[in-house]
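Visitor: Sharing target_29.txt, compact mmCIF, C-alpha atoms:
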```
# COMPACT_ATOMS: atom_id res chain seq x y z
CA MET A 13 13.07 5.23 -105.71
CA LYS A 14 14.47 6.46 -109.01
CA PRO A 15 12.47 9.28 -110.63
CA GLY A 16 12.00 7.20 -113.78
CA ASN A 17 10.16 4.53 -111.81
CA LEU A 18 7.65 6.95 -110.28
CA PRO A 19 4.23 7.85 -111.72
CA ALA A 20 3.15 11.42 -112.32
CA ILE A 21 0.49 12.98 -110.10
CA ASP A 22 -2.53 13.12 -112.40
CA ALA A 23 -6.01 11.62 -112.74
CA ARG A 24 -4.52 8.23 -113.61
CA TYR A 25 -2.45 8.27 -110.42
CA TRP A 26 -5.39 9.05 -108.15
CA THR A 27 -7.61 6.48 -109.85
CA ALA A 28 -4.87 3.89 -109.33
CA ILE A 29 -4.37 4.97 -105.71
CA LEU A 30 -8.08 4.47 -105.05
CA ALA A 31 -7.98 1.02 -106.68
CA ALA A 32 -4.82 0.16 -104.71
CA SER A 33 -6.60 1.23 -101.53
CA MET A 34 -9.48 -1.10 -102.31
CA CYS A 35 -7.05 -3.89 -103.12
CA GLY A 36 -5.00 -3.32 -99.97
CA ALA A 37 -8.11 -3.37 -97.81
CA ASN A 38 -8.94 -6.80 -99.24
CA THR A 39 -5.39 -8.20 -99.16
CA GLY A 40 -5.00 -7.11 -95.53
CA ASP A 41 -8.15 -8.96 -94.49
CA PHE A 42 -7.19 -11.88 -96.74
CA ALA A 43 -3.83 -12.25 -95.00
CA ALA A 44 -5.36 -11.90 -91.54
CA ARG A 45 -8.36 -14.18 -92.00
CA ILE A 46 -7.91 -16.52 -94.95
CA LEU A 47 -4.18 -17.10 -94.41
CA GLY A 48 -4.69 -17.10 -90.65
CA LEU A 49 -1.89 -14.61 -89.93
CA GLY A 50 -4.01 -12.36 -87.75
CA HIS A 51 -3.11 -8.72 -87.34
CA THR A 52 0.47 -9.24 -86.13
CA ARG A 53 2.06 -12.34 -87.66
CA GLY A 54 1.85 -10.96 -91.17
CA LEU A 55 3.62 -7.68 -90.38
CA LEU A 56 7.18 -9.02 -90.41
CA PRO A 57 6.78 -10.89 -93.73
CA LEU A 58 5.21 -7.77 -95.25
CA ALA A 59 8.10 -5.63 -94.00
CA LEU A 60 10.59 -8.05 -95.54
CA ILE A 61 8.70 -8.06 -98.85
CA PHE A 62 8.67 -4.27 -98.88
CA LEU A 63 12.42 -4.11 -98.24
CA ALA A 64 13.00 -6.65 -101.01
CA ILE A 65 11.01 -4.48 -103.45
CA VAL A 66 13.02 -1.38 -102.53
CA TRP A 67 16.30 -3.32 -102.79
CA ALA A 68 15.37 -4.73 -106.20
CA GLU A 69 14.29 -1.30 -107.48
CA LYS A 70 17.60 0.29 -106.55
CA ARG A 71 19.55 -2.36 -108.43
CA SER A 72 17.29 -2.74 -111.42
CA ARG A 73 18.34 -1.34 -114.80
CA PHE A 74 14.77 -1.39 -116.08
CA THR A 75 12.46 1.60 -115.91
CA THR A 76 9.03 0.58 -114.64
CA GLU A 77 6.37 1.80 -112.22
CA ALA A 78 5.79 -1.77 -111.07
CA TYR A 79 8.15 -1.37 -108.11
CA TYR A 80 6.28 1.67 -106.84
CA TRP A 81 2.85 0.07 -107.07
CA LEU A 82 4.00 -3.21 -105.55
CA ALA A 83 5.41 -1.24 -102.61
CA ILE A 84 2.12 0.66 -102.31
CA ILE A 85 0.09 -2.57 -102.15
CA VAL A 86 2.40 -4.14 -99.55
CA LEU A 87 2.23 -1.02 -97.35
CA ARG A 88 -1.54 -0.80 -97.77
CA THR A 89 -1.89 -4.44 -96.75
CA GLY A 90 0.14 -3.81 -93.62
CA ALA A 91 -1.79 -0.62 -92.88
CA THR A 92 -5.08 -2.56 -92.87
CA ASN A 93 -3.74 -4.94 -90.24
CA LEU A 94 -2.15 -2.15 -88.19
CA ALA A 95 -5.44 -0.25 -88.03
CA ASP A 96 -7.35 -3.35 -86.94
CA LEU A 97 -4.61 -4.15 -84.42
CA GLY A 98 -4.78 -0.72 -82.82
CA ALA A 99 -8.53 -0.13 -82.92
CA HIS A 100 -9.69 -3.65 -82.03
CA ASP A 101 -6.94 -5.90 -80.62
CA LEU A 102 -5.32 -3.20 -78.48
CA LYS A 103 -8.74 -1.59 -77.87
CA LEU A 104 -7.46 1.93 -78.47
CA GLY A 105 -10.62 2.87 -80.33
CA TYR A 106 -10.93 4.67 -83.64
CA PHE A 107 -10.52 8.25 -82.43
CA LEU A 108 -7.35 7.66 -80.42
CA CYS A 109 -5.83 5.71 -83.33
CA MET A 110 -6.72 8.43 -85.81
CA GLY A 111 -5.41 11.15 -83.53
CA LEU A 112 -2.06 9.42 -83.08
CA LEU A 113 -1.72 8.82 -86.81
CA VAL A 114 -2.54 12.43 -87.68
CA ALA A 115 0.09 13.54 -85.18
CA LEU A 116 2.64 11.18 -86.77
CA MET A 117 1.92 12.49 -90.26
CA VAL A 118 2.21 16.11 -89.13
CA ALA A 119 5.49 15.29 -87.39
CA MET A 120 6.88 13.68 -90.55
CA LEU A 121 5.90 16.73 -92.62
CA LEU A 122 7.62 19.04 -90.13
CA ILE A 123 10.73 16.87 -90.18
CA ASP A 124 10.78 16.96 -93.99
CA ARG A 125 10.38 20.72 -93.92
CA ALA A 126 13.27 21.06 -91.49
CA ARG A 127 15.39 18.80 -93.72
CA GLY A 128 14.46 20.82 -96.80
CA VAL A 129 13.10 17.80 -98.66
CA GLU A 130 11.38 18.87 -101.89
CA PRO A 131 9.38 16.98 -104.55
CA ILE A 132 11.33 15.37 -107.38
CA GLY A 133 11.33 17.46 -110.54
CA VAL A 134 9.87 20.93 -110.94
CA ALA A 135 6.45 22.52 -110.84
CA GLY A 136 4.66 22.80 -114.16
CA PRO A 137 3.79 26.05 -115.94
CA ASP A 138 0.46 26.06 -114.11
CA GLY A 139 2.28 26.18 -110.78
CA ARG A 140 1.16 22.70 -109.74
CA TRP A 141 3.44 19.88 -108.66
CA HIS A 142 3.05 16.95 -111.05
CA SER A 143 5.77 14.76 -109.54
CA LEU A 144 5.79 12.77 -106.33
CA PRO A 145 7.57 13.90 -103.17
CA ALA A 146 10.99 12.30 -102.76
CA THR A 147 10.27 8.63 -102.06
CA ASP A 148 12.75 8.25 -99.22
CA ALA A 149 12.20 6.55 -95.85
CA SER A 150 10.14 9.50 -94.63
CA TYR A 151 7.79 9.17 -97.61
CA TRP A 152 7.11 5.50 -96.96
CA VAL A 153 6.59 5.99 -93.23
CA THR A 154 4.09 8.73 -94.00
CA MET A 155 2.41 6.53 -96.63
CA LEU A 156 2.04 3.74 -94.08
CA ALA A 157 0.58 6.18 -91.55
CA ALA A 158 -1.82 7.56 -94.19
CA GLY A 159 -2.97 4.05 -95.10
CA THR A 160 -3.52 3.13 -91.46
CA LEU A 161 -5.37 6.39 -90.83
CA GLY A 162 -7.55 5.84 -93.90
CA THR A 163 -8.38 2.30 -92.78
CA ALA A 164 -9.39 3.44 -89.29
CA ALA A 165 -11.44 6.33 -90.69
CA GLY A 166 -13.17 4.12 -93.26
CA ASP A 167 -14.00 1.46 -90.69
CA TRP A 168 -15.35 4.14 -88.36
CA VAL A 169 -17.67 5.47 -91.06
CA ALA A 170 -18.89 1.97 -91.94
CA GLU A 171 -19.28 0.66 -88.38
CA GLU A 172 -19.98 3.63 -86.14
CA THR A 173 -22.17 5.88 -88.28
CA ALA A 174 -25.59 5.41 -89.85
CA LEU A 175 -24.10 5.48 -93.35
CA GLY A 176 -22.86 1.89 -93.39
CA LEU A 177 -20.79 0.52 -96.25
CA GLY A 178 -23.00 1.53 -99.17
CA TYR A 179 -23.85 5.14 -98.39
CA GLY A 180 -20.53 5.53 -96.62
CA SER A 181 -18.70 4.61 -99.82
CA LEU A 182 -20.71 7.12 -101.84
CA VAL A 183 -20.08 9.91 -99.35
CA LEU A 184 -16.36 9.14 -99.05
CA VAL A 185 -15.87 8.97 -102.82
CA GLY A 186 -17.61 12.33 -103.06
CA ILE A 187 -15.30 13.73 -100.38
CA LEU A 188 -12.28 12.33 -102.26
CA ILE A 189 -13.35 14.07 -105.48
CA VAL A 190 -13.81 17.39 -103.65
CA VAL A 191 -10.49 17.07 -101.80
CA TRP A 192 -8.68 16.13 -105.02
CA PHE A 193 -10.18 19.11 -106.88
CA ILE A 194 -9.27 21.58 -104.14
CA SER A 195 -5.79 20.08 -103.73
CA ASP A 196 -5.14 20.23 -107.47
CA GLN A 197 -6.71 23.59 -108.31
CA TYR A 198 -6.01 25.63 -105.19
CA GLY A 199 -3.44 23.69 -103.18
CA LYS A 200 -1.28 23.16 -106.32
CA MET A 201 -0.74 19.59 -105.02
CA THR A 202 2.00 20.70 -102.63
CA LYS A 203 3.08 18.15 -100.06
CA PRO A 204 0.39 18.79 -97.36
CA TRP A 205 -2.36 18.73 -100.00
CA TYR A 206 -0.90 15.59 -101.53
CA TRP A 207 -1.05 13.74 -98.22
CA LEU A 208 -4.55 15.00 -97.48
CA THR A 209 -5.71 13.55 -100.80
CA ILE A 210 -3.90 10.28 -100.07
CA VAL A 211 -5.79 9.95 -96.76
CA ALA A 212 -9.10 10.69 -98.52
CA ALA A 213 -8.33 8.00 -101.13
CA ARG A 214 -7.33 5.48 -98.46
CA THR A 215 -10.53 6.14 -96.52
CA ALA A 216 -12.79 5.72 -99.55
CA GLY A 217 -10.84 2.67 -100.68
CA THR A 218 -11.39 0.98 -97.32
CA THR A 219 -15.19 1.16 -97.48
CA LEU A 220 -15.25 0.28 -101.19
CA GLY A 221 -13.06 -2.77 -100.65
CA ASP A 222 -15.19 -3.91 -97.72
CA LEU A 223 -18.35 -3.21 -99.73
CA LEU A 224 -17.22 -5.76 -102.31
CA ALA A 225 -16.18 -8.42 -99.80
CA SER A 226 -18.56 -8.09 -96.87
CA ARG A 227 -21.94 -9.73 -96.50
CA ARG A 228 -23.21 -6.28 -95.53
CA GLY A 229 -22.29 -5.20 -99.06
CA LEU A 230 -22.08 -7.19 -102.27
CA GLY A 231 -20.90 -10.30 -100.45
CA LEU A 232 -18.29 -11.43 -102.97
CA GLY A 233 -16.01 -12.76 -100.25
CA LEU A 234 -12.36 -11.94 -99.68
CA VAL A 235 -10.95 -14.27 -102.34
CA VAL A 236 -13.11 -12.98 -105.19
CA SER A 237 -12.96 -9.34 -104.11
CA THR A 238 -9.16 -9.48 -103.79
CA ILE A 239 -8.89 -10.88 -107.31
CA CYS A 240 -11.31 -8.25 -108.66
CA THR A 241 -9.55 -5.28 -107.06
CA SER A 242 -6.14 -6.61 -108.13
CA LEU A 243 -7.32 -6.89 -111.73
CA LEU A 244 -8.86 -3.42 -111.51
CA LEU A 245 -5.55 -1.90 -110.42
CA ALA A 246 -3.60 -3.83 -113.05
CA GLY A 247 -6.04 -2.76 -115.76
CA ILE A 248 -5.76 0.92 -114.81
CA LEU A 249 -1.97 0.82 -114.83
CA ILE A 250 -1.64 -1.15 -118.05
CA LEU A 251 -4.43 0.30 -120.18
CA TRP A 252 -4.25 3.94 -119.06
CA ARG A 253 -1.04 5.19 -120.62
CA ASN A 254 0.93 7.65 -118.50
CA ARG A 255 2.04 10.21 -121.08
CA ARG A 256 2.80 12.88 -118.50
CA ALA A 257 5.11 10.54 -116.59
CA ALA A 258 6.92 9.77 -119.84
CA ARG A 259 7.48 13.48 -120.45
CA LEU A 260 8.74 13.95 -116.89
CA ARG A 261 11.21 11.09 -117.38
CA GLU A 262 12.52 12.81 -120.49
CA VAL A 263 13.00 16.03 -118.51
```
Show me, as structure tokens, the structure contained in the file I just sent.

Guide:
Amino acid sequence: MKPGNLPAIDARYWTAILAASMCGANTGDFAARILGLGHTRGLLPLALIFLAIVWAEKRSRFTTEAYYWLAIIVLRTGATNLADLGAHDLKLGYFLCMGLLVALMVAMLLIDRARGVEPIGVAGPDGRWHSLPATDASYWVTMLAAGTLGTAAGDWVAEETALGLGYGSLVLVGILIVVWFISDQYGKMTKPWYWLTIVAARTAGTTLGDLLASRRGLGLGLVVSTICTSLLLAGILILWRNRRAARLREV
């Protein structure tokens, strides 16, 4: 995607990523259960929608983050179904799924390193990267893998540990805050640290989204919870002005 259409990596971005993770957890279950698409029939339509978003972004003359966030939601929706497909339908189990996805993400990072792919823009005076990695095909494959990994990890915490959805959400949000702080302050938000924080956000977003929808949580149901998380994401993006991204566009 064009640099002008990408958000900056800051607190607003991570808050929106967490909200998008919650939303994607709900939209994935909504598509599978409410729309009756299951874990496989919705994957092709989602892939086509994603390609349409990328195609439209390349040809658009307007500068907007909407393309990026729409692509994120579509990928997150597909990741929810892929995780359920692997862990439950194919009976691979959570640990095998997570292991394979970690291996895929590491492989993509090594491929990017061999290709010499760098983040868009330059590091700030504090030495941190404030711009996203190049959003090429490798980026989106890794984002899909991170979303699937986060879904599997979040479901494992909620279903296979004593924490459940409530305490699991609290613990995972706490882990996300710690990972984000370390990645930002000490990791300088370089590419490996960026992806580690993405996985932490996806994991916390999975349990939070399920907490809203599930009867084991607040019991809002998939329709209401999907609407709520969609409005939450939209509110963050619209009301929280991205001044740093505007400065990066000027640069």

Visitor: Skip Ala165 (chain A) itself and residues of its chain fewer than 2 positions away, then list as a list in words all residues within 10 Å of it, counting only C-alpha atoms.

Guide: Ala95, Tyr106, Phe107, Cys109, Met110, Gly159, Thr160, Leu161, Gly162, Thr163, Asp167, Trp168, Val169, Ala170, Glu171, Val211, Ala212, Arg214, Thr215, Ala216, Thr218 and Thr219 of chain A

Visitor: Within 8 Å of region 77-91 of chain A, counting all atoms listed in the file, which residues qualify if same-chain residues fewer than 5 places away don't, as a PyMOL selection string?

Guide: chain A and resi 13+16-19+32-33+35-40+54-55+58+61-62+65-66+69+155-157+159-160+163

Visitor: Could those selected residues go to a file with C-alpha atoms, as a PDB file, keeping the file's coordinate frame?

Guide:
```pdb
ATOM      1  CA  MET A  13      13.070   5.230-105.710  1.00  0.00           C
ATOM      2  CA  GLY A  16      12.000   7.200-113.780  1.00  0.00           C
ATOM      3  CA  ASN A  17      10.160   4.530-111.810  1.00  0.00           C
ATOM      4  CA  LEU A  18       7.650   6.950-110.280  1.00  0.00           C
ATOM      5  CA  PRO A  19       4.230   7.850-111.720  1.00  0.00           C
ATOM      6  CA  ALA A  32      -4.820   0.160-104.710  1.00  0.00           C
ATOM      7  CA  SER A  33      -6.600   1.230-101.530  1.00  0.00           C
ATOM      8  CA  CYS A  35      -7.050  -3.890-103.120  1.00  0.00           C
ATOM      9  CA  GLY A  36      -5.000  -3.320 -99.970  1.00  0.00           C
ATOM     10  CA  ALA A  37      -8.110  -3.370 -97.810  1.00  0.00           C
ATOM     11  CA  ASN A  38      -8.940  -6.800 -99.240  1.00  0.00           C
ATOM     12  CA  THR A  39      -5.390  -8.200 -99.160  1.00  0.00           C
ATOM     13  CA  GLY A  40      -5.000  -7.110 -95.530  1.00  0.00           C
ATOM     14  CA  GLY A  54       1.850 -10.960 -91.170  1.00  0.00           C
ATOM     15  CA  LEU A  55       3.620  -7.680 -90.380  1.00  0.00           C
ATOM     16  CA  LEU A  58       5.210  -7.770 -95.250  1.00  0.00           C
ATOM     17  CA  ILE A  61       8.700  -8.060 -98.850  1.00  0.00           C
ATOM     18  CA  PHE A  62       8.670  -4.270 -98.880  1.00  0.00           C
ATOM     19  CA  ILE A  65      11.010  -4.480-103.450  1.00  0.00           C
ATOM     20  CA  VAL A  66      13.020  -1.380-102.530  1.00  0.00           C
ATOM     21  CA  GLU A  69      14.290  -1.300-107.480  1.00  0.00           C
ATOM     22  CA  MET A 155       2.410   6.530 -96.630  1.00  0.00           C
ATOM     23  CA  LEU A 156       2.040   3.740 -94.080  1.00  0.00           C
ATOM     24  CA  ALA A 157       0.580   6.180 -91.550  1.00  0.00           C
ATOM     25  CA  GLY A 159      -2.970   4.050 -95.100  1.00  0.00           C
ATOM     26  CA  THR A 160      -3.520   3.130 -91.460  1.00  0.00           C
ATOM     27  CA  THR A 163      -8.380   2.300 -92.780  1.00  0.00           C
TER      28      THR A 163
END
```

Visitor: Take every atom of region 209-227 of chain A listed in the file, pad by 8 Å on each side, and give me the axis-aligned box centre and edge lengths in Å, one decimal, as JSON.

Guide:
```
{"center_x": -12.9, "center_y": 1.9, "center_z": -99.4, "size_x": 34.0, "size_y": 39.3, "size_z": 21.8}
```

Visitor: Between CA of Leu244 (chain A) and CA of Ala44 (chain A), measure the distance and give it in Å to one decimal.

Guide: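 Rounded to one decimal, the two atoms are 22.0 Å apart.
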
Visitor: For each of A:Lys203, A:Ala23, A:Ala31, A:Gly178, take the minimum atom-to-atom distance to Leu230 (chain A), counting all atoms listed in the file, then give the residue where this is smallest.

Guide: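 Checking each candidate against Leu230 (chain A), we get A:Gly178 as the closest.
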
Visitor: Using only C-alpha atoms, find all polymer residues with an atom at most 10 Å away from the point (-13.7, -9.9, -97.8); report them as an MDAnalysis selection string.

Guide: chainID A and resid 37:42 45:46 221:227 229:238

Visitor: Go through A:Leu94, A:Leu144, A:Leu243, A:Leu113 and flag the residue nearest Trp205 (chain A), using only C-alpha atoms for the distances.

Guide: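 Among the listed residues, the smallest separation from Trp205 (chain A) belongs to A:Leu144.
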
Visitor: Could you state the separation of CA of Ala126 (chain A) and CA of Tyr198 (chain A) in Å, given to one decimal place?

Guide: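 Distance between the two atoms: 24.1 Å.
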
Visitor: Would you work out the distance separating CA of Thr75 (chain A) from CA of Lys14 (chain A), expressed in Å to one decimal?

Guide: 8.7 Å

Visitor: Which is closer to Val118 (chain A) than all the others in A:Val191, A:Ala68, A:Ala146, A:Leu208, using all atoms listed in the file?

Guide: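 Among A:Val191, A:Ala68, A:Ala146, A:Leu208, it is A:Leu208 that comes nearest to Val118 (chain A).
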
Visitor: Given the choices A:His142, A:Val183, A:Lys70, A:Ile29, which gets closest to Lys200 (chain A) if the distance is worked out from all atoms listed in the file?

Guide: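 Closest candidate: A:His142.
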
Visitor: Using only C-alpha atoms, find the one residue out of A:Ala164, A:Leu112, A:Met201, A:Ser150 that sits nearest to Arg125 (chain A).

Guide: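 For Arg125 (chain A), the nearest of the given residues is A:Ser150.
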
Visitor: Would you please work out which residue, of A:Ile250, A:Leu182, A:Val114, A:Ile194, is nearest to Ala158 (chain A) when using only C-alpha atoms?

Guide: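 Checking each candidate against Ala158 (chain A), we get A:Val114 as the closest.
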
Visitor: Any chance you could turn region 102-114 of chain A into a file with all heavy atoms, as a PDB file, in the first residue's frame?

Guide:
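Now in out12.pdb:
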```pdb
ATOM      1  N   LEU A 102      -9.816 -29.941  11.480  1.00  0.00           N
ATOM      2  CA  LEU A 102      -8.745 -30.850  11.066  1.00  0.00           C
ATOM      3  C   LEU A 102      -8.117 -31.583  12.247  1.00  0.00           C
ATOM      4  O   LEU A 102      -7.257 -32.451  12.048  1.00  0.00           O
ATOM      5  CB  LEU A 102      -7.659 -30.072  10.305  1.00  0.00           C
ATOM      6  CG  LEU A 102      -8.130 -29.369   9.031  1.00  0.00           C
ATOM      7  CD1 LEU A 102      -6.956 -28.658   8.369  1.00  0.00           C
ATOM      8  CD2 LEU A 102      -8.756 -30.366   8.050  1.00  0.00           C
ATOM      9  N   LYS A 103      -8.526 -31.208  13.469  1.00  0.00           N
ATOM     10  CA  LYS A 103      -8.091 -31.869  14.701  1.00  0.00           C
ATOM     11  C   LYS A 103      -6.567 -31.873  14.861  1.00  0.00           C
ATOM     12  O   LYS A 103      -5.977 -32.841  15.342  1.00  0.00           O
ATOM     13  CB  LYS A 103      -8.630 -33.307  14.757  1.00  0.00           C
ATOM     14  CG  LYS A 103     -10.146 -33.387  14.679  1.00  0.00           C
ATOM     15  CD  LYS A 103     -10.653 -34.786  14.883  1.00  0.00           C
ATOM     16  CE  LYS A 103     -12.156 -34.886  14.679  1.00  0.00           C
ATOM     17  NZ  LYS A 103     -12.899 -33.963  15.555  1.00  0.00           N
ATOM     18  N   LEU A 104      -5.947 -30.757  14.478  1.00  0.00           N
ATOM     19  CA  LEU A 104      -4.496 -30.647  14.657  1.00  0.00           C
ATOM     20  C   LEU A 104      -4.138 -30.282  16.092  1.00  0.00           C
ATOM     21  O   LEU A 104      -3.000 -30.521  16.525  1.00  0.00           O
ATOM     22  CB  LEU A 104      -3.933 -29.589  13.706  1.00  0.00           C
ATOM     23  CG  LEU A 104      -4.090 -29.858  12.207  1.00  0.00           C
ATOM     24  CD1 LEU A 104      -3.499 -28.700  11.410  1.00  0.00           C
ATOM     25  CD2 LEU A 104      -3.438 -31.171  11.808  1.00  0.00           C
ATOM     26  N   GLY A 105      -5.088 -29.713  16.808  1.00  0.00           N
ATOM     27  CA  GLY A 105      -4.807 -29.278  18.167  1.00  0.00           C
ATOM     28  C   GLY A 105      -4.158 -27.903  18.185  1.00  0.00           C
ATOM     29  O   GLY A 105      -3.595 -27.445  17.189  1.00  0.00           O
ATOM     30  N   TYR A 106      -4.240 -27.266  19.345  1.00  0.00           N
ATOM     31  CA  TYR A 106      -3.735 -25.897  19.456  1.00  0.00           C
ATOM     32  C   TYR A 106      -2.218 -25.818  19.319  1.00  0.00           C
ATOM     33  O   TYR A 106      -1.690 -24.934  18.633  1.00  0.00           O
ATOM     34  CB  TYR A 106      -4.167 -25.278  20.784  1.00  0.00           C
ATOM     35  CG  TYR A 106      -5.639 -24.970  20.850  1.00  0.00           C
ATOM     36  CD1 TYR A 106      -6.449 -25.542  21.824  1.00  0.00           C
ATOM     37  CD2 TYR A 106      -6.236 -24.105  19.942  1.00  0.00           C
ATOM     38  CE1 TYR A 106      -7.803 -25.265  21.897  1.00  0.00           C
ATOM     39  CE2 TYR A 106      -7.585 -23.823  19.996  1.00  0.00           C
ATOM     40  CZ  TYR A 106      -8.369 -24.403  20.979  1.00  0.00           C
ATOM     41  OH  TYR A 106      -9.710 -24.125  21.029  1.00  0.00           O
ATOM     42  N   PHE A 107      -1.489 -26.712  19.970  1.00  0.00           N
ATOM     43  CA  PHE A 107      -0.038 -26.589  20.002  1.00  0.00           C
ATOM     44  C   PHE A 107       0.595 -26.839  18.636  1.00  0.00           C
ATOM     45  O   PHE A 107       1.539 -26.143  18.252  1.00  0.00           O
ATOM     46  CB  PHE A 107       0.557 -27.528  21.051  1.00  0.00           C
ATOM     47  CG  PHE A 107       0.304 -27.074  22.455  1.00  0.00           C
ATOM     48  CD1 PHE A 107      -0.624 -27.718  23.258  1.00  0.00           C
ATOM     49  CD2 PHE A 107       0.976 -25.975  22.970  1.00  0.00           C
ATOM     50  CE1 PHE A 107      -0.863 -27.296  24.547  1.00  0.00           C
ATOM     51  CE2 PHE A 107       0.740 -25.535  24.266  1.00  0.00           C
ATOM     52  CZ  PHE A 107      -0.181 -26.197  25.056  1.00  0.00           C
ATOM     53  N   LEU A 108       0.086 -27.814  17.903  1.00  0.00           N
ATOM     54  CA  LEU A 108       0.626 -28.056  16.566  1.00  0.00           C
ATOM     55  C   LEU A 108       0.328 -26.877  15.652  1.00  0.00           C
ATOM     56  O   LEU A 108       1.200 -26.423  14.890  1.00  0.00           O
ATOM     57  CB  LEU A 108       0.040 -29.341  15.973  1.00  0.00           C
ATOM     58  CG  LEU A 108       0.522 -29.708  14.562  1.00  0.00           C
ATOM     59  CD1 LEU A 108       2.040 -29.802  14.511  1.00  0.00           C
ATOM     60  CD2 LEU A 108      -0.128 -31.013  14.098  1.00  0.00           C
ATOM     61  N   CYS A 109      -0.898 -26.348  15.737  1.00  0.00           N
ATOM     62  CA  CYS A 109      -1.258 -25.172  14.926  1.00  0.00           C
ATOM     63  C   CYS A 109      -0.354 -23.991  15.255  1.00  0.00           C
ATOM     64  O   CYS A 109       0.180 -23.332  14.354  1.00  0.00           O
ATOM     65  CB  CYS A 109      -2.717 -24.797  15.172  1.00  0.00           C
ATOM     66  SG  CYS A 109      -3.918 -25.843  14.328  1.00  0.00           S
ATOM     67  N   MET A 110      -0.171 -23.729  16.535  1.00  0.00           N
ATOM     68  CA  MET A 110       0.650 -22.591  16.937  1.00  0.00           C
ATOM     69  C   MET A 110       2.101 -22.787  16.518  1.00  0.00           C
ATOM     70  O   MET A 110       2.763 -21.840  16.073  1.00  0.00           O
ATOM     71  CB  MET A 110       0.533 -22.363  18.446  1.00  0.00           C
ATOM     72  CG  MET A 110      -0.817 -21.808  18.875  1.00  0.00           C
ATOM     73  SD  MET A 110      -0.901 -21.296  20.623  1.00  0.00           S
ATOM     74  CE  MET A 110      -0.949 -22.909  21.430  1.00  0.00           C
ATOM     75  N   GLY A 111       2.601 -24.008  16.637  1.00  0.00           N
ATOM     76  CA  GLY A 111       3.972 -24.275  16.228  1.00  0.00           C
ATOM     77  C   GLY A 111       4.188 -24.045  14.745  1.00  0.00           C
ATOM     78  O   GLY A 111       5.188 -23.443  14.326  1.00  0.00           O
ATOM     79  N   LEU A 112       3.255 -24.505  13.930  1.00  0.00           N
ATOM     80  CA  LEU A 112       3.359 -24.320  12.485  1.00  0.00           C
ATOM     81  C   LEU A 112       3.289 -22.843  12.104  1.00  0.00           C
ATOM     82  O   LEU A 112       4.017 -22.376  11.217  1.00  0.00           O
ATOM     83  CB  LEU A 112       2.247 -25.096  11.776  1.00  0.00           C
ATOM     84  CG  LEU A 112       2.334 -26.628  11.853  1.00  0.00           C
ATOM     85  CD1 LEU A 112       1.074 -27.258  11.254  1.00  0.00           C
ATOM     86  CD2 LEU A 112       3.578 -27.129  11.122  1.00  0.00           C
ATOM     87  N   LEU A 113       2.441 -22.105  12.788  1.00  0.00           N
ATOM     88  CA  LEU A 113       2.281 -20.678  12.478  1.00  0.00           C
ATOM     89  C   LEU A 113       3.509 -19.876  12.913  1.00  0.00           C
ATOM     90  O   LEU A 113       3.926 -18.946  12.217  1.00  0.00           O
ATOM     91  CB  LEU A 113       1.026 -20.145  13.148  1.00  0.00           C
ATOM     92  CG  LEU A 113      -0.287 -20.676  12.544  1.00  0.00           C
ATOM     93  CD1 LEU A 113      -1.456 -20.446  13.490  1.00  0.00           C
ATOM     94  CD2 LEU A 113      -0.555 -20.017  11.198  1.00  0.00           C
ATOM     95  N   VAL A 114       4.082 -20.218  14.055  1.00  0.00           N
ATOM     96  CA  VAL A 114       5.319 -19.563  14.477  1.00  0.00           C
ATOM     97  C   VAL A 114       6.422 -19.819  13.460  1.00  0.00           C
ATOM     98  O   VAL A 114       7.171 -18.907  13.081  1.00  0.00           O
ATOM     99  CB  VAL A 114       5.748 -20.049  15.877  1.00  0.00           C
ATOM    100  CG1 VAL A 114       7.172 -19.580  16.199  1.00  0.00           C
ATOM    101  CG2 VAL A 114       4.781 -19.540  16.939  1.00  0.00           C
TER     102      VAL A 114
END
```
